[in-house]
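What follows is the content of model08.cif (mmCIF, C-alpha atoms, pLDDT in the B column; chains and numbers go by the auth columns).
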```cif
data_upload
#
loop_
_atom_site.group_PDB
_atom_site.id
_atom_site.type_symbol
_atom_site.label_atom_id
_atom_site.label_comp_id
_atom_site.label_asym_id
_atom_site.label_seq_id
_atom_site.Cartn_x
_atom_site.Cartn_y
_atom_site.Cartn_z
_atom_site.B_iso_or_equiv
_atom_site.auth_seq_id
_atom_site.auth_asym_id
ATOM 1 C CA MET A 1 0.000 0.000 0.000 49.00 1294 A
ATOM 2 C CA PRO A 2 1.517 3.372 -0.942 52.00 1295 A
ATOM 3 C CA ALA A 3 2.010 6.030 1.711 57.00 1296 A
ATOM 4 C CA ASP A 4 0.006 9.250 1.604 58.00 1297 A
ATOM 5 C CA GLY A 5 1.015 11.368 -1.379 56.00 1298 A
ATOM 6 C CA GLU A 6 3.010 8.528 -2.966 61.00 1299 A
ATOM 7 C CA ARG A 7 2.305 7.044 -6.379 59.00 1300 A
ATOM 8 C CA PRO A 8 0.985 3.468 -6.314 59.00 1301 A
ATOM 9 C CA PRO A 9 3.594 0.884 -7.321 64.00 1302 A
ATOM 10 C CA PHE A 10 1.694 -0.124 -10.469 68.00 1303 A
ATOM 11 C CA CYS A 11 -0.310 2.002 -12.871 78.00 1304 A
ATOM 12 C CA VAL A 12 -3.228 1.107 -15.115 77.00 1305 A
ATOM 13 C CA GLU A 13 -1.084 1.003 -18.242 79.00 1306 A
ATOM 14 C CA GLU A 14 1.217 -1.575 -16.666 84.00 1307 A
ATOM 15 C CA ALA A 15 -1.747 -3.668 -15.525 83.00 1308 A
ATOM 16 C CA GLU A 16 -3.323 -3.555 -18.961 82.00 1309 A
ATOM 17 C CA HIS A 17 -0.060 -4.494 -20.666 83.00 1310 A
ATOM 18 C CA LEU A 18 0.578 -7.404 -18.293 81.00 1311 A
ATOM 19 C CA SER A 19 -3.030 -8.634 -18.581 85.00 1312 A
ATOM 20 C CA ARG A 20 -2.533 -9.098 -22.346 83.00 1313 A
ATOM 21 C CA SER A 21 0.791 -10.882 -22.022 85.00 1314 A
ATOM 22 C CA ALA A 22 0.781 -14.676 -22.060 86.00 1315 A
ATOM 23 C CA SER A 23 1.850 -16.955 -19.252 84.00 1316 A
ATOM 24 C CA PRO A 24 4.975 -18.939 -20.204 85.00 1317 A
ATOM 25 C CA SER A 25 3.615 -22.153 -18.700 88.00 1318 A
ATOM 26 C CA THR A 26 0.088 -22.158 -20.153 87.00 1319 A
ATOM 27 C CA GLY A 27 0.410 -19.813 -23.117 86.00 1320 A
ATOM 28 C CA LYS A 28 -2.824 -18.031 -22.104 88.00 1321 A
ATOM 29 C CA PRO A 29 -3.099 -14.323 -21.263 88.00 1322 A
ATOM 30 C CA TYR A 30 -3.154 -13.480 -17.556 88.00 1323 A
ATOM 31 C CA GLY A 31 -6.313 -11.366 -17.788 88.00 1324 A
ATOM 32 C CA MET A 32 -7.257 -8.113 -16.111 87.00 1325 A
ATOM 33 C CA GLN A 33 -8.991 -9.767 -13.144 90.00 1326 A
ATOM 34 C CA ARG A 34 -5.902 -11.696 -12.050 89.00 1327 A
ATOM 35 C CA VAL A 35 -3.503 -8.798 -12.648 88.00 1328 A
ATOM 36 C CA CYS A 36 -5.642 -6.308 -10.728 87.00 1329 A
ATOM 37 C CA ARG A 37 -6.023 -8.728 -7.834 89.00 1330 A
ATOM 38 C CA ILE A 38 -2.250 -9.230 -7.609 86.00 1331 A
ATOM 39 C CA PHE A 39 -1.509 -5.508 -7.994 85.00 1332 A
ATOM 40 C CA GLY A 40 -4.143 -4.645 -5.373 86.00 1333 A
ATOM 41 C CA MET A 41 -5.977 -2.415 -7.823 85.00 1334 A
ATOM 42 C CA ALA A 42 -9.740 -2.228 -8.322 88.00 1335 A
ATOM 43 C CA ARG A 43 -10.797 -3.392 -11.768 89.00 1336 A
ATOM 44 C CA SER A 44 -13.500 -0.749 -11.859 90.00 1337 A
ATOM 45 C CA THR A 45 -10.841 1.950 -11.472 85.00 1338 A
ATOM 46 C CA ALA A 46 -8.707 0.384 -14.191 85.00 1339 A
ATOM 47 C CA TYR A 47 -11.618 0.216 -16.637 86.00 1340 A
ATOM 48 C CA PHE A 48 -12.781 3.731 -15.722 87.00 1341 A
ATOM 49 C CA LEU A 49 -9.335 5.231 -16.328 83.00 1342 A
ATOM 50 C CA LYS A 50 -8.980 3.308 -19.590 83.00 1343 A
ATOM 51 C CA ALA A 51 -12.350 4.616 -20.834 85.00 1344 A
ATOM 52 C CA ARG A 52 -11.551 8.142 -19.680 83.00 1345 A
ATOM 53 C CA GLU A 53 -8.248 8.181 -21.596 82.00 1346 A
ATOM 54 C CA ALA A 54 -10.131 7.200 -24.785 85.00 1347 A
ATOM 55 C CA VAL A 55 -12.006 10.549 -24.716 87.00 1348 A
ATOM 56 C CA PRO A 56 -9.991 13.778 -25.125 88.00 1349 A
ATOM 57 C CA PRO A 57 -10.223 16.141 -22.114 85.00 1350 A
ATOM 58 C CA GLU A 58 -12.036 18.867 -24.055 87.00 1351 A
ATOM 59 C CA GLN A 59 -14.818 16.420 -25.045 87.00 1352 A
ATOM 60 C CA ARG A 60 -15.412 15.042 -21.524 84.00 1353 A
ATOM 61 C CA PRO A 61 -18.653 16.122 -19.851 82.00 1354 A
ATOM 62 C CA ALA A 62 -18.397 18.512 -16.941 84.00 1355 A
ATOM 63 C CA PRO A 63 -18.704 16.784 -13.560 82.00 1356 A
ATOM 64 C CA ARG A 64 -22.137 17.133 -12.001 80.00 1357 A
ATOM 65 C CA LYS A 65 -23.784 16.252 -8.743 76.00 1358 A
ATOM 66 C CA ARG A 66 -25.105 12.707 -8.806 80.00 1359 A
ATOM 67 C CA GLY A 67 -28.673 11.718 -8.139 78.00 1360 A
ATOM 68 C CA PRO A 68 -32.063 12.684 -9.455 76.00 1361 A
ATOM 69 C CA VAL A 69 -32.821 16.239 -10.459 73.00 1362 A
ATOM 70 C CA GLY A 70 -35.261 17.873 -8.059 74.00 1363 A
ATOM 71 C CA ALA A 71 -38.530 19.610 -8.838 73.00 1364 A
ATOM 72 C CA ALA A 72 -36.742 22.940 -9.242 85.00 1365 A
ATOM 73 C CA THR A 73 -33.235 24.322 -9.401 88.00 1366 A
ATOM 74 C CA ASP A 74 -31.723 25.695 -6.210 90.00 1367 A
ATOM 75 C CA ALA A 75 -32.325 29.273 -7.367 92.00 1368 A
ATOM 76 C CA ASP A 76 -35.999 28.567 -8.139 94.00 1369 A
ATOM 77 C CA LEU A 77 -36.451 26.780 -4.838 94.00 1370 A
ATOM 78 C CA VAL A 78 -35.006 29.739 -2.919 95.00 1371 A
ATOM 79 C CA VAL A 79 -37.592 31.975 -4.608 96.00 1372 A
ATOM 80 C CA HIS A 80 -40.356 29.597 -3.461 95.00 1373 A
ATOM 81 C CA ILE A 81 -38.922 29.498 0.071 94.00 1374 A
ATOM 82 C CA ARG A 82 -38.797 33.299 0.241 95.00 1375 A
ATOM 83 C CA ARG A 83 -42.413 33.448 -0.965 95.00 1376 A
ATOM 84 C CA VAL A 84 -43.537 30.949 1.686 94.00 1377 A
ATOM 85 C CA LEU A 85 -41.732 32.935 4.380 93.00 1378 A
ATOM 86 C CA ALA A 86 -43.248 36.215 3.152 93.00 1379 A
ATOM 87 C CA GLU A 87 -46.764 34.743 3.178 92.00 1380 A
ATOM 88 C CA SER A 88 -46.356 33.515 6.754 88.00 1381 A
ATOM 89 C CA PRO A 89 -47.869 35.674 9.513 86.00 1382 A
ATOM 90 C CA PHE A 90 -44.994 34.746 11.840 83.00 1383 A
ATOM 91 C CA HIS A 91 -41.567 36.372 12.147 80.00 1384 A
ATOM 92 C CA GLY A 92 -39.505 33.279 11.390 78.00 1385 A
ATOM 93 C CA GLU A 93 -40.235 29.681 10.587 87.00 1386 A
ATOM 94 C CA GLY A 94 -38.097 26.595 10.574 91.00 1387 A
ATOM 95 C CA TYR A 95 -37.235 24.471 7.600 92.00 1388 A
ATOM 96 C CA ARG A 96 -39.743 21.775 8.542 94.00 1389 A
ATOM 97 C CA LYS A 97 -42.749 24.095 8.310 94.00 1390 A
ATOM 98 C CA VAL A 98 -41.418 25.658 5.104 94.00 1391 A
ATOM 99 C CA TRP A 99 -40.862 22.189 3.633 95.00 1392 A
ATOM 100 C CA ALA A 100 -44.396 21.131 4.616 95.00 1393 A
ATOM 101 C CA ARG A 101 -45.910 24.259 3.054 95.00 1394 A
ATOM 102 C CA LEU A 102 -43.949 23.681 -0.150 95.00 1395 A
ATOM 103 C CA ARG A 103 -45.228 20.107 -0.318 94.00 1396 A
ATOM 104 C CA HIS A 104 -48.771 21.353 0.299 95.00 1397 A
ATOM 105 C CA GLN A 105 -48.360 23.712 -2.678 93.00 1398 A
ATOM 106 C CA GLY A 106 -47.189 20.836 -4.894 92.00 1399 A
ATOM 107 C CA ILE A 107 -43.447 21.569 -4.825 92.00 1400 A
ATOM 108 C CA ARG A 108 -41.877 18.273 -3.799 90.00 1401 A
ATOM 109 C CA THR A 109 -38.302 18.367 -2.593 91.00 1402 A
ATOM 110 C CA ALA A 110 -36.192 16.954 0.212 91.00 1403 A
ATOM 111 C CA SER A 111 -36.381 18.515 3.654 93.00 1404 A
ATOM 112 C CA GLU A 112 -32.588 18.532 3.951 94.00 1405 A
ATOM 113 C CA ARG A 113 -32.375 20.486 0.701 93.00 1406 A
ATOM 114 C CA VAL A 114 -34.754 23.107 2.096 94.00 1407 A
ATOM 115 C CA ARG A 115 -32.683 23.194 5.269 95.00 1408 A
ATOM 116 C CA ARG A 116 -29.431 23.648 3.331 94.00 1409 A
ATOM 117 C CA LEU A 117 -30.839 26.427 1.135 94.00 1410 A
ATOM 118 C CA MET A 118 -32.321 28.257 4.116 94.00 1411 A
ATOM 119 C CA ARG A 119 -28.961 28.051 5.884 94.00 1412 A
ATOM 120 C CA GLU A 120 -26.974 29.193 2.833 94.00 1413 A
ATOM 121 C CA HIS A 121 -29.290 32.158 2.184 94.00 1414 A
ATOM 122 C CA HIS A 122 -29.669 33.145 5.860 92.00 1415 A
ATOM 123 C CA LEU A 123 -33.399 32.411 5.912 92.00 1416 A
ATOM 124 C CA GLN A 124 -33.468 30.331 9.089 89.00 1417 A
ATOM 125 C CA ALA A 125 -35.683 31.228 12.005 84.00 1418 A
ATOM 126 C CA PRO A 126 -34.026 33.263 14.752 80.00 1419 A
ATOM 127 C CA ARG A 127 -32.718 31.170 17.617 77.00 1420 A
ATOM 128 C CA ARG A 128 -33.605 31.642 21.210 72.00 1421 A
ATOM 129 C CA GLY A 129 -30.915 32.823 23.562 69.00 1422 A
ATOM 130 C CA GLY A 130 -29.787 30.674 26.454 65.00 1423 A
ATOM 131 C CA GLY A 131 -31.802 31.465 29.554 64.00 1424 A
ATOM 132 C CA ASN A 132 -31.634 28.353 31.644 61.00 1425 A
ATOM 133 C CA ASP A 133 -28.340 28.268 33.529 57.00 1426 A
ATOM 134 C CA ARG A 134 -29.092 24.834 34.999 57.00 1427 A
ATOM 135 C CA VAL A 135 -28.861 23.270 31.548 56.00 1428 A
ATOM 136 C CA ARG A 136 -25.328 24.578 31.103 57.00 1429 A
ATOM 137 C CA GLY A 137 -24.286 23.453 34.566 60.00 1430 A
ATOM 138 C CA VAL A 138 -23.846 26.974 35.949 60.00 1431 A
ATOM 139 C CA LEU A 139 -25.919 27.735 39.034 58.00 1432 A
ATOM 140 C CA PRO A 140 -26.450 31.257 40.374 59.00 1433 A
ATOM 141 C CA HIS A 141 -24.953 32.097 43.768 62.00 1434 A
ATOM 142 C CA SER A 142 -27.481 31.731 46.585 53.00 1435 A
#
```
Can you give me the file's structure in the form of structure tokens?
Amino acid sequence: MPADGERPPFCVEEAEHLSRSASPSTGKPYGMQRVCRIFGMARSTAYFLKAREAVPPEQRPAPRKRGPVGAATDADLVVHIRRVLAESPFHGEGYRKVWARLRHQGIRTASERVRRLMREHHLQAPRRGGGNDRVRGVLPHS
């Protein structure tokens, strides 16, 4: 196993070359599975790097976040969140109520996404200050 920051002892090109070479005793190629197992390299990584090298860098797609695309983009969802907060008669509401109101209006999204967007855009409800000294373990002098 290579140390942190060190190059692994074998690269994909070497593994691919050795996998095509024939065994002197049997005359059959070693194969990628056997070579990767001996080198301690994941076959999925070897095949991924091989496929990636086949496509020039300028033609590769830009990396994106994995997973399904939500009902709206983040920017659109922030607009909906701001609208829900503006329509509310209260000073501040938490992400759970905002998420529930969005769902009620037909905008389905994840609660954690609403929470993240409210945090990033400073739309969270104001927090209460600490008033109970017993909770913190500090008792007033009697």
Just want the 10 Å neighbourhood of A:Arg1406, counted on only C-alpha atoms, with same-chain residues fewer than 6 positions away dropped. Output as a list in words.
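That gives Gly1363, Asp1367, Leu1370, Tyr1388, Trp1392 and Arg1412 of chain A.
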Mind dumping the selected residues with C-alpha atoms as a short mmCIF file (atom, residue, chain, number, x, y, z; two decimals), keeping the file's coordinate frame?
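Contents of result00.cif, as written:
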```cif
data_model
loop_
_atom_site.label_atom_id
_atom_site.label_comp_id
_atom_site.auth_asym_id
_atom_site.auth_seq_id
_atom_site.Cartn_x
_atom_site.Cartn_y
_atom_site.Cartn_z
CA GLY A 1363 -35.26 17.87 -8.06
CA ASP A 1367 -31.72 25.70 -6.21
CA LEU A 1370 -36.45 26.78 -4.84
CA TYR A 1388 -37.24 24.47 7.60
CA TRP A 1392 -40.86 22.19 3.63
CA ARG A 1412 -28.96 28.05 5.88
#
```
Applying 8 Å and only C-alpha atoms, which residues near A:Arg1375 remain after dropping the ones on its own chain fewer than 4 positions away? List them as number ranges by chain.
A: 1371, 1379, 1416
Since I can't run it myself right now, could you work out what the PyMOL selection byres ((chain A and resi 1338-1348) around 12) selects here and report it as a list in words?
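This file, filtered by the PyMOL selection byres ((chain A and resi 1338-1348) around 12), leaves Phe1303, Cys1304, Val1305, Glu1306, Glu1307, Ala1308, Glu1309, His1310, Ser1312, Met1325, Gln1326, Val1328, Cys1329, Arg1330, Phe1332, Gly1333, Met1334, Ala1335, Arg1336, Ser1337, Pro1349, Pro1350, Glu1351, Gln1352, Arg1353 and Pro1354 of chain A.
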Please indicate the distance in Å from atom CA of A:Ala1355 to atom CA of A:Ala1368, rounded to one decimal place.
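Interatomic distance here is 20.0 Å.
Once the PyMOL selection byres ((chain A and resi 1377) around 10) is applied to the depicted file, the selected set reads Val1371, Val1372, His1373, Ile1374, Arg1375, Arg1376, Leu1378, Ala1379, Glu1380, Ser1381, Glu1386, Lys1390, Val1391, Trp1392, Arg1394, Leu1395 and Gln1398 of chain A.
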Selection to disk with C-alpha atoms, as a PDB file, in the coordinates of the input:
```
ATOM      1  CA  VAL A1371     -35.006  29.739  -2.919  1.00 95.00           C
ATOM      2  CA  VAL A1372     -37.592  31.975  -4.608  1.00 96.00           C
ATOM      3  CA  HIS A1373     -40.356  29.597  -3.461  1.00 95.00           C
ATOM      4  CA  ILE A1374     -38.922  29.498   0.071  1.00 94.00           C
ATOM      5  CA  ARG A1375     -38.797  33.299   0.241  1.00 95.00           C
ATOM      6  CA  ARG A1376     -42.413  33.448  -0.965  1.00 95.00           C
ATOM      7  CA  LEU A1378     -41.732  32.935   4.380  1.00 93.00           C
ATOM      8  CA  ALA A1379     -43.248  36.215   3.152  1.00 93.00           C
ATOM      9  CA  GLU A1380     -46.764  34.743   3.178  1.00 92.00           C
ATOM     10  CA  SER A1381     -46.356  33.515   6.754  1.00 88.00           C
ATOM     11  CA  GLU A1386     -40.235  29.681  10.587  1.00 87.00           C
ATOM     12  CA  LYS A1390     -42.749  24.095   8.310  1.00 94.00           C
ATOM     13  CA  VAL A1391     -41.418  25.658   5.104  1.00 94.00           C
ATOM     14  CA  TRP A1392     -40.862  22.189   3.633  1.00 95.00           C
ATOM     15  CA  ARG A1394     -45.910  24.259   3.054  1.00 95.00           C
ATOM     16  CA  LEU A1395     -43.949  23.681  -0.150  1.00 95.00           C
ATOM     17  CA  GLN A1398     -48.360  23.712  -2.678  1.00 93.00           C
TER      18      GLN A1398
END
```
Can you find the residues with an atom no farther than 9 Å from (-32.7, 17.1, -2.6), counting all atoms listed in the file, and report them as a PyMOL selection string?
chain A and resi 1360-1364+1402-1407
What does the file look like for those residues with C-alpha atoms, as an mmCIF file, keeping the file's coordinate frame?
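What follows is the written file again-v5.cif:
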```
data_model
loop_
_atom_site.group_PDB
_atom_site.id
_atom_site.type_symbol
_atom_site.label_atom_id
_atom_site.label_comp_id
_atom_site.auth_asym_id
_atom_site.auth_seq_id
_atom_site.Cartn_x
_atom_site.Cartn_y
_atom_site.Cartn_z
ATOM 1 C CA GLY A 1360 -28.673 11.718 -8.139
ATOM 2 C CA PRO A 1361 -32.063 12.684 -9.455
ATOM 3 C CA VAL A 1362 -32.821 16.239 -10.459
ATOM 4 C CA GLY A 1363 -35.261 17.873 -8.059
ATOM 5 C CA ALA A 1364 -38.530 19.610 -8.838
ATOM 6 C CA THR A 1402 -38.302 18.367 -2.593
ATOM 7 C CA ALA A 1403 -36.192 16.954 0.212
ATOM 8 C CA SER A 1404 -36.381 18.515 3.654
ATOM 9 C CA GLU A 1405 -32.588 18.532 3.951
ATOM 10 C CA ARG A 1406 -32.375 20.486 0.701
ATOM 11 C CA VAL A 1407 -34.754 23.107 2.096
#
```
Quick check, in Å to one decimal: how far apart do atom CA of A:His1384 and atom CA of A:Gln1417 lie?
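It comes out at 10.6 Å.
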